[in-house]
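Here is work.txt, consisting of compact mmCIF, C-alpha atoms:
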# COMPACT_ATOMS: atom_id res chain seq x y z
CA MET A 1 50.44 5.66 -14.30
CA ILE A 2 51.80 5.48 -10.75
CA LEU A 3 49.25 5.25 -7.98
CA THR A 4 49.73 6.52 -4.48
CA ARG A 5 49.30 4.13 -1.56
CA LYS A 6 45.90 5.62 -0.80
CA GLN A 7 44.78 5.16 -4.40
CA GLN A 8 46.13 1.60 -4.42
CA LYS A 9 44.16 0.82 -1.26
CA ARG A 10 40.96 2.20 -2.78
CA LEU A 11 41.52 0.22 -5.95
CA LYS A 12 42.03 -2.99 -3.95
CA LEU A 13 38.80 -2.38 -2.04
CA LEU A 14 36.94 -1.72 -5.27
CA LEU A 15 38.28 -4.89 -6.88
CA MET A 16 37.48 -6.89 -3.75
CA GLY A 17 33.91 -5.57 -3.70
CA THR A 18 33.48 -6.34 -7.38
CA GLY A 19 34.78 -9.85 -6.82
CA ILE A 20 32.39 -10.45 -3.92
CA VAL A 21 29.42 -9.28 -6.01
CA PHE A 22 30.53 -11.53 -8.88
CA MET A 23 30.87 -14.54 -6.56
CA ILE A 24 27.41 -13.93 -5.10
CA GLN A 25 25.91 -13.76 -8.58
CA ILE A 26 27.64 -17.00 -9.57
CA GLY A 27 27.07 -18.88 -6.34
CA PHE A 28 23.59 -17.50 -5.52
CA PRO A 29 21.97 -16.45 -8.80
CA HIS A 30 18.55 -16.21 -7.16
CA LEU A 31 19.79 -13.24 -5.08
CA ALA A 32 20.68 -11.31 -8.22
CA PHE A 33 17.37 -12.31 -9.82
CA ALA A 34 15.40 -11.10 -6.78
CA ALA A 35 17.26 -7.77 -6.72
CA HIS A 36 16.59 -7.27 -10.44
CA GLU A 37 12.89 -8.12 -10.16
CA ASN A 38 12.40 -5.93 -7.09
CA GLN A 39 14.12 -3.00 -8.76
CA ARG A 40 11.91 -3.40 -11.82
CA ALA A 41 8.80 -3.60 -9.62
CA ARG A 42 9.70 -0.38 -7.82
CA ALA A 43 10.24 1.35 -11.16
CA GLU A 44 6.72 0.30 -12.17
CA GLY A 45 5.24 1.55 -8.88
CA GLU A 46 4.60 -1.91 -7.47
CA HIS A 47 5.61 -3.76 -4.32
CA MET A 48 8.85 -5.69 -4.20
CA ARG A 49 8.17 -9.20 -5.52
CA TYR A 50 10.65 -11.47 -3.77
CA VAL A 51 12.50 -11.85 -0.50
CA ALA A 52 15.90 -13.43 -1.14
CA ARG A 53 17.13 -16.08 1.27
CA LEU A 54 20.42 -17.93 0.99
CA LEU A 55 18.58 -21.14 0.20
CA GLY A 56 15.98 -19.73 -2.15
CA LEU A 57 13.34 -17.12 -2.89
CA GLU A 58 10.12 -16.35 -1.08
CA VAL A 59 7.25 -14.40 -2.60
CA TYR A 60 7.01 -11.09 -0.78
CA GLU A 61 3.83 -10.25 1.14
CA ALA A 62 3.98 -6.87 2.84
CA HIS A 63 3.70 -7.06 6.62
CA LYS A 64 2.56 -10.66 6.66
CA ASP A 65 2.21 -10.51 10.44
CA ILE A 66 -0.53 -7.85 10.26
CA LEU A 67 -2.31 -8.71 7.03
CA LEU A 68 -4.66 -10.98 8.99
CA ALA A 69 -5.76 -14.51 8.17
CA ARG A 70 -8.04 -13.26 5.42
CA ALA A 71 -9.90 -16.49 4.96
CA GLU A 72 -10.93 -16.44 8.64
CA LYS A 73 -10.97 -12.80 9.72
CA MET A 74 -12.21 -10.89 6.69
CA ARG A 75 -15.63 -11.14 5.09
CA SER A 76 -15.71 -13.10 1.84
CA VAL A 77 -16.65 -11.12 -1.25
CA ALA A 78 -17.70 -14.13 -3.28
CA ASP A 79 -21.02 -13.49 -5.05
CA ASP A 80 -22.63 -16.57 -3.55
CA ASP A 81 -21.69 -15.61 0.02
CA ARG A 82 -22.59 -11.95 0.34
CA ASP A 83 -25.44 -9.94 1.79
CA MET A 84 -24.66 -6.63 0.12
CA HIS A 85 -26.52 -4.58 2.74
CA LEU A 86 -25.07 -6.33 5.76
CA PRO A 87 -21.87 -4.23 6.05
CA MET A 88 -23.91 -1.05 6.37
CA ASP A 89 -26.90 -2.34 8.38
CA ASN A 90 -24.86 -3.98 11.13
CA GLU A 91 -21.98 -2.71 13.21
CA PRO A 92 -18.86 -4.43 11.81
CA SER A 93 -16.51 -5.90 14.38
CA VAL A 94 -12.89 -4.90 14.75
CA VAL A 95 -10.50 -7.72 13.81
CA ASP A 96 -7.21 -5.87 14.25
CA GLU A 97 -5.71 -2.54 15.22
CA VAL A 98 -2.45 -1.13 13.89
CA TRP A 99 -0.47 2.05 14.42
CA LEU A 100 0.79 3.82 11.33
CA THR A 101 1.56 7.15 9.71
CA VAL A 102 -1.46 8.85 8.13
CA THR A 103 -1.30 11.63 5.55
CA ALA A 104 -3.87 13.24 3.22
CA TYR A 105 -4.18 13.89 -0.50
CA SER A 106 -6.58 15.58 -2.91
CA SER A 107 -7.55 15.17 -6.55
CA GLU A 108 -4.55 16.77 -8.17
CA PRO A 109 -2.63 15.04 -10.97
CA ARG A 110 0.68 15.72 -9.23
CA GLN A 111 -0.59 13.87 -6.16
CA THR A 112 -2.33 11.08 -8.10
CA ASP A 113 -2.18 10.40 -11.85
CA ASP A 114 -3.92 11.57 -15.03
CA THR A 115 -7.32 10.46 -13.64
CA PRO A 116 -7.32 12.31 -10.30
CA PHE A 117 -11.06 11.86 -9.68
CA THR A 118 -10.97 8.06 -10.03
CA THR A 119 -9.42 5.72 -7.49
CA ALA A 120 -7.24 2.71 -8.20
CA TRP A 121 -10.39 0.61 -7.73
CA GLN A 122 -12.05 2.52 -10.57
CA THR A 123 -14.51 4.21 -8.22
CA PRO A 124 -15.10 7.98 -7.97
CA VAL A 125 -13.35 9.85 -5.18
CA ARG A 126 -15.41 11.07 -2.25
CA ASP A 127 -15.26 11.72 1.46
CA GLY A 128 -14.37 8.46 3.20
CA VAL A 129 -11.89 7.11 0.64
CA VAL A 130 -8.51 6.02 1.94
CA ALA A 131 -5.45 4.86 0.04
CA LEU A 132 -3.12 2.21 1.42
CA ASN A 133 -1.20 -0.75 0.06
CA PHE A 134 -1.34 -3.58 2.58
CA LEU A 135 -5.09 -4.32 2.70
CA PRO A 136 -7.48 -5.49 -0.05
CA LYS A 137 -9.62 -2.90 -1.81
CA GLY A 138 -13.03 -2.71 -0.20
CA THR A 139 -11.72 -3.20 3.34
CA LEU A 140 -13.38 -1.00 5.94
CA VAL A 141 -11.19 0.85 8.44
CA ARG A 142 -11.56 3.50 11.13
CA PHE A 143 -9.26 6.10 12.67
CA PRO A 144 -10.90 6.45 16.11
CA ALA A 145 -8.46 8.99 17.53
CA LEU A 146 -9.02 11.28 14.54
CA TYR A 147 -12.57 10.57 13.32
CA GLY A 148 -14.31 8.52 15.99
CA ASP A 149 -16.70 5.94 14.49
CA LYS A 150 -16.47 7.25 10.93
CA VAL A 151 -15.84 4.37 8.51
CA PHE A 152 -13.40 4.67 5.58
CA VAL A 153 -13.18 2.36 2.57
CA VAL A 154 -9.86 1.25 1.10
CA GLU A 155 -10.22 2.12 -2.58
CA ASP A 156 -6.96 3.73 -3.61
CA ARG A 157 -3.27 2.86 -3.56
CA MET A 158 -0.17 4.82 -2.63
CA ASN A 159 3.25 4.86 -4.20
CA ALA A 160 4.91 1.47 -3.68
CA ARG A 161 7.55 2.96 -1.40
CA TYR A 162 4.86 3.67 1.21
CA THR A 163 4.31 0.08 2.26
CA PHE A 164 2.82 0.81 5.67
CA ARG A 165 1.05 4.16 5.50
CA ALA A 166 -2.50 5.42 4.95
CA ASP A 167 -3.51 8.42 2.83
CA ILE A 168 -6.96 9.96 3.36
CA TRP A 169 -8.68 11.69 0.43
CA MET A 170 -9.83 15.28 0.96
CA TYR A 171 -11.71 17.76 -1.19
CA THR A 172 -8.98 20.39 -1.48
CA ARG A 173 -5.22 20.62 -1.38
CA THR A 174 -5.52 23.12 1.46
CA GLU A 175 -7.39 20.58 3.60
CA ALA A 176 -4.76 17.96 2.84
CA ILE A 177 -1.92 20.31 3.75
CA ASP A 178 -3.65 21.36 6.97
CA PHE A 179 -4.10 17.71 7.93
CA GLY A 180 -0.35 17.19 7.65
CA MET A 181 1.17 13.93 8.88
CA LYS A 182 -0.04 12.06 11.93
CA TYR A 183 0.89 8.84 13.70
CA THR A 184 -2.27 7.19 14.96
CA ASN A 185 -4.16 3.92 15.40
CA MET A 186 -6.29 2.38 12.67
CA GLU A 187 -8.98 -0.22 13.29
CA ILE A 188 -9.43 -2.87 10.60
CA LEU A 189 -13.04 -4.04 10.42
CA ARG A 190 -14.33 -7.47 9.51
CA ALA A 191 -16.69 -6.17 6.81
CA GLN A 192 -15.41 -5.86 3.25
CA LEU A 193 -17.44 -4.11 0.57
CA PRO A 194 -17.67 -5.27 -3.04
CA ARG A 195 -16.97 -2.67 -5.70
CA ASP A 196 -20.53 -2.81 -7.08
CA TYR A 197 -21.87 -1.88 -3.66
CA VAL A 198 -19.60 1.17 -3.50
CA LEU A 199 -20.63 2.30 -6.98
CA SER A 200 -24.33 1.88 -6.15
CA TYR A 201 -24.58 3.30 -2.64
CA TYR A 202 -21.98 6.08 -2.41
CA GLU A 203 -22.25 9.49 -4.04
CA PRO A 204 -19.14 10.75 -5.87
CA ALA A 205 -17.59 13.99 -4.67
CA PHE A 206 -17.45 15.37 -8.22
CA PRO A 207 -20.06 13.67 -10.45
CA GLY A 208 -18.90 13.17 -14.01
CA MET A 209 -15.23 13.78 -13.26
CA LYS A 210 -12.60 11.15 -14.02

Since I need it in another form, could you write the structure as structure tokens?
Amino acid sequence: MILTRKQQKRLKLLLMGTGIVFMIQIGFPHLAFAAHENQRARAEGEHMRYVARLLGLEVYEAHKDILLARAEKMRSVADDDRDMHLPMDNEPSVVDEVWLTVTAYSSEPRQTDDTPFTTAWQTPVRDGVVALNFLPKGTLVRFPALYGDKVFVVEDRMNARYTFRADIWMYTRTEAIDFGMKYTNMEILRAQLPRDYVLSYYEPAFPGMK
């Protein structure tokens, strides 16, 4: 088979690219390992697991610069260091403020999973639930430009591709559609609720539904 000059050029570029990829895999096997693990994590709906550097791997932590120094800035949820009523009886202080895209969702299997009335934290959905990926479950947040002083609890997770976005639960699909997509500020509060507190003191939107 005789190739034209254009085809020969394309073939050379293809072979060169293949050679470069092969050399990277041989010379820097950790890069290939990180790519493989991150691809598998995305397929399973999780965060990427590693950040590949030329000299080695680093465990990935989404938005490390805004995740706060949890040991200092977020309330401990250890059983021996918790007043379960304190988060609700006292005004929690704001420890950080971020700007991000906010959307809305409702309890539909196509928007969630096969248990649309249960959050990722195994709590029942209700008004005040928010889904996001970069803060621990139980974290309290506010959207002052949208809801004033209303407090939301991080109890659900979004698809792994939405690393830095918040999704507010709403009763109906119509409400979620009407809410649309907004770019706004979110206050992260010092208080962090334990799951038992949420189950005991919050009423589910649809009792008995899972």

Residues near A:Ala176, cut-off 9 Å, all atoms listed in the file, skip fewer than 4 positions along chain, as a short mmCIF file (atom, residue, chain, number, x, y, z; two decimals) with C-alpha atoms, keeping the file's coordinate frame:
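Saved to around33.cif:
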data_model
loop_
_atom_site.label_atom_id
_atom_site.label_comp_id
_atom_site.auth_asym_id
_atom_site.auth_seq_id
_atom_site.Cartn_x
_atom_site.Cartn_y
_atom_site.Cartn_z
CA THR A 103 -1.30 11.63 5.55
CA ALA A 104 -3.87 13.24 3.22
CA TYR A 105 -4.18 13.89 -0.50
CA SER A 106 -6.58 15.58 -2.91
CA ILE A 168 -6.96 9.96 3.36
CA TRP A 169 -8.68 11.69 0.43
CA MET A 170 -9.83 15.28 0.96
CA TYR A 171 -11.71 17.76 -1.19
CA THR A 172 -8.98 20.39 -1.48
CA GLY A 180 -0.35 17.19 7.65
#

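In this model, the gap between atom CA of A:Met209 and atom CA of A:Leu140 comes to 24.3 Å.
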
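Using only C-alpha atoms for every distance, the candidate list A:Lys150, A:Arg165, A:Arg173, A:Lys6 yields A:Lys150 as the residue closest to A:Pro92.
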
**Request:** For stretch 116-124 of chain A, please output as a PyMOL selection string all residues within 10 Å (counting only C-alpha atoms; exclusion window: fewer than 5 positions along the same chain).
**Result:** chain A and resi 106-111+129-131+137-138+154-158+169+195-196+198-199+202-210

**Message:** So that I can check the surroundings of A:Thr184, please list as a PyMOL selection string every protein, DNA and RNA residue that reaches within 12 Å of it, counting all atoms listed in the file and ignoring chain neighbours fewer than 6 positions away.
**Reply:** chain A and resi 97-103+142-147+165-166

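Take atom CA of A:Val141 and atom CA of A:Val125: the distance between them is 16.5 Å.
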
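Of note, atom CA of A:Asp167 and atom CA of A:Ile188 are spaced 14.9 Å apart.
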